[in-house]
$ cat run_38.pdb   # PDB, C-alpha atoms
ATOM      1  CA  PHE A  18      -8.209  29.588  41.969
ATOM      2  CA  GLU A  19      -5.638  28.525  44.512
ATOM      3  CA  LYS A  20      -6.256  25.201  46.203
ATOM      4  CA  ARG A  21      -9.144  24.421  43.843
ATOM      5  CA  ILE A  22      -9.517  22.503  40.621
ATOM      6  CA  SER A  23     -11.191  25.030  38.362
ATOM      7  CA  ILE A  24     -13.003  24.760  35.074
ATOM      8  CA  VAL A  25     -12.663  28.202  33.493
ATOM      9  CA  THR A  26     -14.740  29.675  30.671
ATOM     10  CA  PHE A  27     -15.041  33.063  28.998
ATOM     11  CA  LEU A  28     -18.697  33.597  28.163
ATOM     12  CA  GLY A  29     -18.503  36.891  26.282
ATOM     13  CA  LYS A  30     -21.177  39.500  25.654
ATOM     14  CA  ASP A  31     -23.640  37.570  23.479
ATOM     15  CA  ILE A  32     -24.920  35.156  26.145
ATOM     16  CA  ASP A  33     -27.925  33.900  24.175
ATOM     17  CA  LYS A  34     -25.687  32.831  21.302
ATOM     18  CA  VAL A  35     -23.403  30.699  23.509
ATOM     19  CA  LYS A  36     -25.584  29.455  26.355
ATOM     20  CA  GLY A  37     -25.787  25.977  24.811
ATOM     21  CA  GLU A  38     -22.070  25.640  25.470
ATOM     22  CA  LEU A  39     -22.576  26.188  29.186
ATOM     23  CA  PHE A  40     -25.462  23.717  29.226
ATOM     24  CA  ASN A  41     -23.148  21.127  27.614
ATOM     25  CA  LEU A  42     -20.439  21.865  30.172
ATOM     26  CA  ASN A  43     -22.963  21.602  32.983
ATOM     27  CA  GLN A  44     -24.185  18.180  31.859
ATOM     28  CA  LYS A  45     -20.870  16.582  30.925
ATOM     29  CA  ILE A  46     -18.405  18.106  33.400
ATOM     30  CA  TYR A  47     -20.076  19.912  36.275
ATOM     31  CA  LYS A  48     -22.697  17.336  37.204
ATOM     32  CA  PRO A  49     -20.272  14.377  37.486
ATOM     33  CA  PHE A  50     -17.715  16.336  39.536
ATOM     34  CA  TYR A  51     -19.421  19.022  41.614
ATOM     35  CA  GLY A  52     -19.467  16.712  44.639
ATOM     36  CA  PHE A  53     -15.680  16.982  44.955
ATOM     37  CA  LYS A  54     -14.787  19.426  47.709
ATOM     38  CA  ASP A  55     -12.119  21.358  45.811
ATOM     39  CA  PHE A  56     -13.909  21.506  42.437
ATOM     40  CA  GLN A  57     -15.343  24.746  41.028
ATOM     41  CA  MET A  58     -16.587  26.392  37.853
ATOM     42  CA  ILE A  59     -15.362  29.902  36.978
ATOM     43  CA  VAL A  60     -17.206  31.846  34.286
ATOM     44  CA  PHE A  61     -15.780  35.224  33.255
ATOM     45  CA  VAL A  62     -18.415  37.622  31.961
ATOM     46  CA  PRO A  63     -18.041  41.235  30.767
ATOM     47  CA  ASN A  64     -19.766  43.716  33.086
ATOM     48  CA  ASP A  65     -22.237  44.769  30.392
ATOM     49  CA  ALA A  66     -23.531  41.176  30.029
ATOM     50  CA  LYS A  67     -24.268  40.713  33.735
ATOM     51  CA  GLU A  68     -28.064  40.705  33.426
ATOM     52  CA  ALA A  69     -28.074  38.065  30.674
ATOM     53  CA  ALA A  70     -25.542  35.951  32.582
ATOM     54  CA  GLU A  71     -27.651  36.056  35.761
ATOM     55  CA  LYS A  72     -30.640  34.886  33.725
ATOM     56  CA  LEU A  73     -28.568  31.996  32.332
ATOM     57  CA  PHE A  74     -27.391  31.106  35.852
ATOM     58  CA  LYS A  75     -31.047  30.789  36.911
ATOM     59  CA  GLU A  76     -31.896  28.693  33.834
ATOM     60  CA  ILE A  77     -29.115  26.215  34.534
ATOM     61  CA  GLY A  78     -30.080  26.271  38.216
ATOM     62  CA  GLN A  79     -33.474  24.777  37.350
ATOM     63  CA  PHE A  80     -31.682  21.506  36.556
ATOM     64  CA  THR A  81     -28.583  21.629  38.733
ATOM     65  CA  PRO A  82     -27.476  22.760  42.194
ATOM     66  CA  MET A  83     -25.300  25.768  41.347
ATOM     67  CA  VAL A  84     -23.193  25.748  44.531
ATOM     68  CA  LYS A  85     -19.851  25.437  42.706
ATOM     69  CA  TRP A  86     -20.541  27.910  39.876
ATOM     70  CA  ASN A  87     -18.814  31.303  40.178
ATOM     71  CA  PHE A  88     -19.757  33.980  37.677
ATOM     72  CA  ILE A  89     -17.089  36.692  37.777
ATOM     73  CA  TYR A  90     -17.952  40.031  36.237
ATOM     74  CA  ALA A  91     -15.066  42.147  34.992
ATOM     75  CA  SER A  92     -14.170  44.910  32.581
ATOM     76  CA  ASP A  93     -13.253  44.067  29.009
ATOM     77  CA  ALA A  94      -9.600  44.897  29.732
ATOM     78  CA  GLU A  95      -9.510  42.672  32.824
ATOM     79  CA  ILE A  96     -10.987  39.732  30.925
ATOM     80  CA  LYS A  97      -8.419  40.141  28.141
ATOM     81  CA  ILE A  98      -5.556  40.199  30.672
ATOM     82  CA  ILE A  99      -6.845  37.087  32.433
ATOM     83  CA  TYR A 100      -7.307  35.221  29.165
ATOM     84  CA  GLU A 101      -3.864  36.219  27.887
ATOM     85  CA  SER A 102      -2.343  34.846  31.106
ATOM     86  CA  PHE A 103      -3.390  31.357  29.920
ATOM     87  CA  LYS A 104      -0.869  31.693  27.055
ATOM     88  CA  VAL A 105      -2.868  29.579  24.621
ATOM     89  CA  ASN A 106      -2.630  29.952  20.847
ATOM     90  CA  GLN A 107      -6.283  30.949  20.408
ATOM     91  CA  SER A 108      -7.802  34.392  20.901
ATOM     92  CA  LEU A 109     -11.045  35.633  22.364
ATOM     93  CA  ASP A 110     -13.533  36.776  19.739
ATOM     94  CA  VAL A 111     -14.801  40.369  19.470
ATOM     95  CA  ASN A 112     -17.395  39.604  22.178
ATOM     96  CA  LEU A 113     -14.673  38.343  24.586
ATOM     97  CA  HIS A 114     -15.838  34.756  24.142
ATOM     98  CA  THR A 115     -14.145  31.487  23.416
ATOM     99  CA  SER A 116     -15.827  28.115  22.987
ATOM    100  CA  LYS A 117     -12.975  26.567  24.954
ATOM    101  CA  ALA A 118     -13.187  25.502  28.599
ATOM    102  CA  PHE A 119      -9.928  25.227  30.523
ATOM    103  CA  ILE A 120      -8.792  23.101  33.449
ATOM    104  CA  VAL A 121      -6.664  24.937  36.023
ATOM    105  CA  ASP A 122      -5.220  22.831  38.841
ATOM    106  CA  LYS A 123      -4.641  23.745  42.486
ATOM    107  CA  GLU A 124      -1.166  25.091  41.741
ATOM    108  CA  LEU A 125      -2.592  27.399  39.059
ATOM    109  CA  ASN A 126      -1.270  25.319  36.163
ATOM    110  CA  LEU A 127      -3.250  25.081  32.945
ATOM    111  CA  ARG A 128      -3.863  21.384  32.368
ATOM    112  CA  GLY A 129      -4.493  19.488  29.174
ATOM    113  CA  ARG A 130      -2.903  16.915  26.891
ATOM    114  CA  ASN A 131       0.351  16.785  25.007
ATOM    115  CA  ASP A 132      -0.485  13.619  23.061
ATOM    116  CA  ASP A 133      -3.852  14.362  21.463
ATOM    117  CA  ASP A 134      -4.245  12.849  17.994
ATOM    118  CA  ASP A 135      -6.839  15.390  16.865
ATOM    119  CA  VAL A 136      -4.805  18.598  17.194
ATOM    120  CA  ALA A 137      -1.572  19.939  15.746
ATOM    121  CA  GLU A 138       1.515  18.984  17.719
ATOM    122  CA  GLY A 139      -0.720  16.936  20.037
ATOM    123  CA  LEU A 140      -1.234  19.852  22.447
ATOM    124  CA  LEU A 141      -4.772  20.275  23.750
ATOM    125  CA  TYR A 142      -5.291  23.057  26.290
ATOM    126  CA  GLY A 143      -8.913  24.056  26.118
ATOM    127  CA  TYR A 144     -11.869  21.828  25.347
ATOM    128  CA  ASN A 145     -14.566  22.720  22.835
ATOM    129  CA  MET A 146     -17.823  23.265  24.733
ATOM    130  CA  GLN A 147     -19.771  22.971  21.486
ATOM    131  CA  SER A 148     -18.655  19.355  21.209
ATOM    132  CA  VAL A 149     -20.421  17.025  23.634
ATOM    133  CA  GLY A 150     -18.066  14.296  22.415
ATOM    134  CA  GLU A 151     -14.931  16.265  23.271
ATOM    135  CA  LEU A 152     -16.290  17.203  26.694
ATOM    136  CA  ASN A 153     -17.382  13.653  27.411
ATOM    137  CA  ASP A 154     -14.408  11.789  25.955
ATOM    138  CA  LYS A 155     -11.464  14.105  26.586
ATOM    139  CA  MET A 156     -12.234  16.749  29.178
ATOM    140  CA  LYS A 157     -14.007  14.374  31.542
ATOM    141  CA  ASP A 158     -11.025  11.989  31.411
ATOM    142  CA  ASP A 159      -8.577  14.831  32.009
ATOM    143  CA  VAL A 160     -10.548  16.139  35.008
ATOM    144  CA  LYS A 161     -10.517  12.578  36.398
ATOM    145  CA  VAL A 162      -6.719  12.492  36.014
ATOM    146  CA  VAL A 163      -6.283  15.760  37.927
ATOM    147  CA  LEU A 164      -8.632  14.617  40.705
ATOM    148  CA  ALA A 165      -6.870  11.237  40.929
ATOM    149  CA  GLU A 166      -3.481  12.948  41.247
ATOM    150  CA  TYR A 167      -4.704  14.944  44.241
ATOM    151  CA  ARG A 168      -6.338  11.936  45.876
ATOM    152  CA  LEU A 169      -3.132   9.948  45.451
ATOM    153  CA  ALA A 170      -1.031  12.796  46.884
ATOM    154  CA  LEU A 171      -3.405  13.104  49.841
ATOM    155  CA  LYS A 172      -3.205   9.378  50.559
ATOM    156  CA  LYS A 173       0.591   9.490  50.308
ATOM    157  CA  ASN A 174       0.801  12.471  52.679
ATOM    158  CA  ASN A 175      -1.497  10.811  55.196
ATOM    159  CA  ALA A 176       0.469   7.540  54.978
ATOM    160  CA  ASP A 177       3.728   9.406  55.650
ATOM    161  CA  ARG A 178       2.481  10.970  58.887
ATOM    162  CA  GLU A 179       3.299   9.423  62.211
ATOM    163  CA  ILE A 180       0.557   9.098  64.772
TER     164      ILE A 180
END
$ encode --input "run_38.pdb" --output "structure tokens"
Amino acid sequence: FEKRISIVTFLGKDIDKVKGELFNLNQKIYKPFYGFKDFQMIVFVPNDAKEAAEKLFKEIGQFTPMVKWNFIYASDAEIKIIYESFKVNQSLDVNLHTSKAFIVDKELNLRGRNDDDDVAEGLLYGYNMQSVGELNDKMKDDVKVVLAEYRLALKKNNADREI
């Protein structure tokens, strides 16, 4: 995660049921941004769903260069610990899946919105992969903001250096 802008998902054990979510994420988020050097996709998958996840990886790969996709296989307990570290108010389902995709910046901060009109208290940390509209209208904009912040910081750092 460190020094990368990561889009993080928790695929769960029933891959066939949720693969449309990853296809949506691929089209709306991965394809526009995978050319950025520090951008990556992280997909957590329970060990017992590895075969189905590898099949899905190949399916998506028919349409997209998969160079920035990282499928991480872990035990159920490890996935729960990682998810709980995000400290969001939603839980994984019984299959260790959530329809939410998360943005984690280079400093390991969970990124989102604190002024969203569509959610309680305006806090949006996690974007619904079932909603092409939410991915396209909200998540894409928020990824652009994070990337712009790093580009601006890089320009500032380069401008401050003496030759």
$ closest_residue --input "run_38.pdb" --among "A:Ala94, A:Ile46, A:Leu169, A:Ile22" --to "Lys155 of chain A" --atoms "only C-alpha atoms"
A:Ile46
$ closest_residue --input "run_38.pdb" --among "A:Lys54, A:Lys85, A:Lys45, A:Lys72" --to "Asp158 of chain A" --atoms "only C-alpha atoms"
A:Lys45
$ closest_residue --input "run_38.pdb" --among "A:Tyr90, A:Phe50, A:Tyr144, A:Phe18" --to "Lys67 of chain A" --atoms "only C-alpha atoms"
A:Tyr90
$ closest_residue --input "run_38.pdb" --among "A:Asn87, A:Ser92, A:Gln79, A:Asn145" --to "Gln107 of chain A" --atoms "all atoms listed in the file"
A:Asn145
$ closest_residue --input "run_38.pdb" --among "A:Val163, A:Val149, A:Ile77, A:Leu42" --to "Asn126 of chain A" --atoms "only C-alpha atoms"
A:Val163
$ residues_around --input "run_38.pdb" --residues "Phe27 of chain A" --least-positions-apart "6" --cutoff "10 Å" --atoms "all atoms listed in the file" --output "ChimeraX atom specification"
/A:59-63,88-89,96-97,99-100,109,112-119
$ closest_residue --input "run_38.pdb" --among "A:Ile24, A:Phe74, A:Lys123, A:Ile32" --to "Met156 of chain A" --atoms "only C-alpha atoms"
A:Ile24
$ resolve_selection --input "run_38.pdb" --expression "the PyMOL selection byres ((chain A and resi 44) around 12)" --output "list of chain:residue names"
A:Gly37, A:Glu38, A:Leu39, A:Phe40, A:Asn41, A:Leu42, A:Asn43, A:Lys45, A:Ile46, A:Tyr47, A:Lys48, A:Pro49, A:Phe50, A:Tyr51, A:Ile77, A:Gly78, A:Phe80, A:Thr81, A:Pro82, A:Met146, A:Val149, A:Gly150, A:Leu152, A:Asn153, A:Lys157
$ axis_aligned_box --input "run_38.pdb" --around "segment 45-48 of chain A" --padding-each-side "8 Å" --output "lines of an AutoDock Vina configuration file"
center_x = -20.6
center_y = 18.2
center_z = 34.1
size_x = 20.3
size_y = 19.3
size_z = 22.3
$ residues_around --input "run_38.pdb" --residues "Asp122 of chain A" --least-positions-apart "3" --cutoff "12 Å" --atoms "all atoms listed in the file" --output "short mmCIF file (atom, residue, chain, number, x, y, z; two decimals) with C-alpha atoms, in the frame of the given file"
data_model
loop_
_atom_site.label_atom_id
_atom_site.label_comp_id
_atom_site.auth_asym_id
_atom_site.auth_seq_id
_atom_site.Cartn_x
_atom_site.Cartn_y
_atom_site.Cartn_z
CA PHE A 18 -8.21 29.59 41.97
CA GLU A 19 -5.64 28.52 44.51
CA LYS A 20 -6.26 25.20 46.20
CA ARG A 21 -9.14 24.42 43.84
CA ILE A 22 -9.52 22.50 40.62
CA SER A 23 -11.19 25.03 38.36
CA ILE A 24 -13.00 24.76 35.07
CA VAL A 25 -12.66 28.20 33.49
CA ASP A 55 -12.12 21.36 45.81
CA PHE A 56 -13.91 21.51 42.44
CA GLN A 57 -15.34 24.75 41.03
CA MET A 58 -16.59 26.39 37.85
CA PHE A 119 -9.93 25.23 30.52
CA LEU A 125 -2.59 27.40 39.06
CA ASN A 126 -1.27 25.32 36.16
CA LEU A 127 -3.25 25.08 32.94
CA ARG A 128 -3.86 21.38 32.37
CA GLY A 129 -4.49 19.49 29.17
CA ASP A 159 -8.58 14.83 32.01
CA VAL A 160 -10.55 16.14 35.01
CA LYS A 161 -10.52 12.58 36.40
CA VAL A 162 -6.72 12.49 36.01
CA VAL A 163 -6.28 15.76 37.93
CA LEU A 164 -8.63 14.62 40.70
CA ALA A 165 -6.87 11.24 40.93
CA GLU A 166 -3.48 12.95 41.25
CA TYR A 167 -4.70 14.94 44.24
#
$ atom_distance --input "run_38.pdb" --atom1 "atom CA of Lys34 of chain A" --atom2 "atom CA of Gly143 of chain A"
19.5 Å
$ atom_distance --input "run_38.pdb" --atom1 "atom CA of Asn131 of chain A" --atom2 "atom CA of Val105 of chain A"
13.2 Å
$ atom_distance --input "run_38.pdb" --atom1 "atom CA of Glu76 of chain A" --atom2 "atom CA of Leu28 of chain A"
15.2 Å
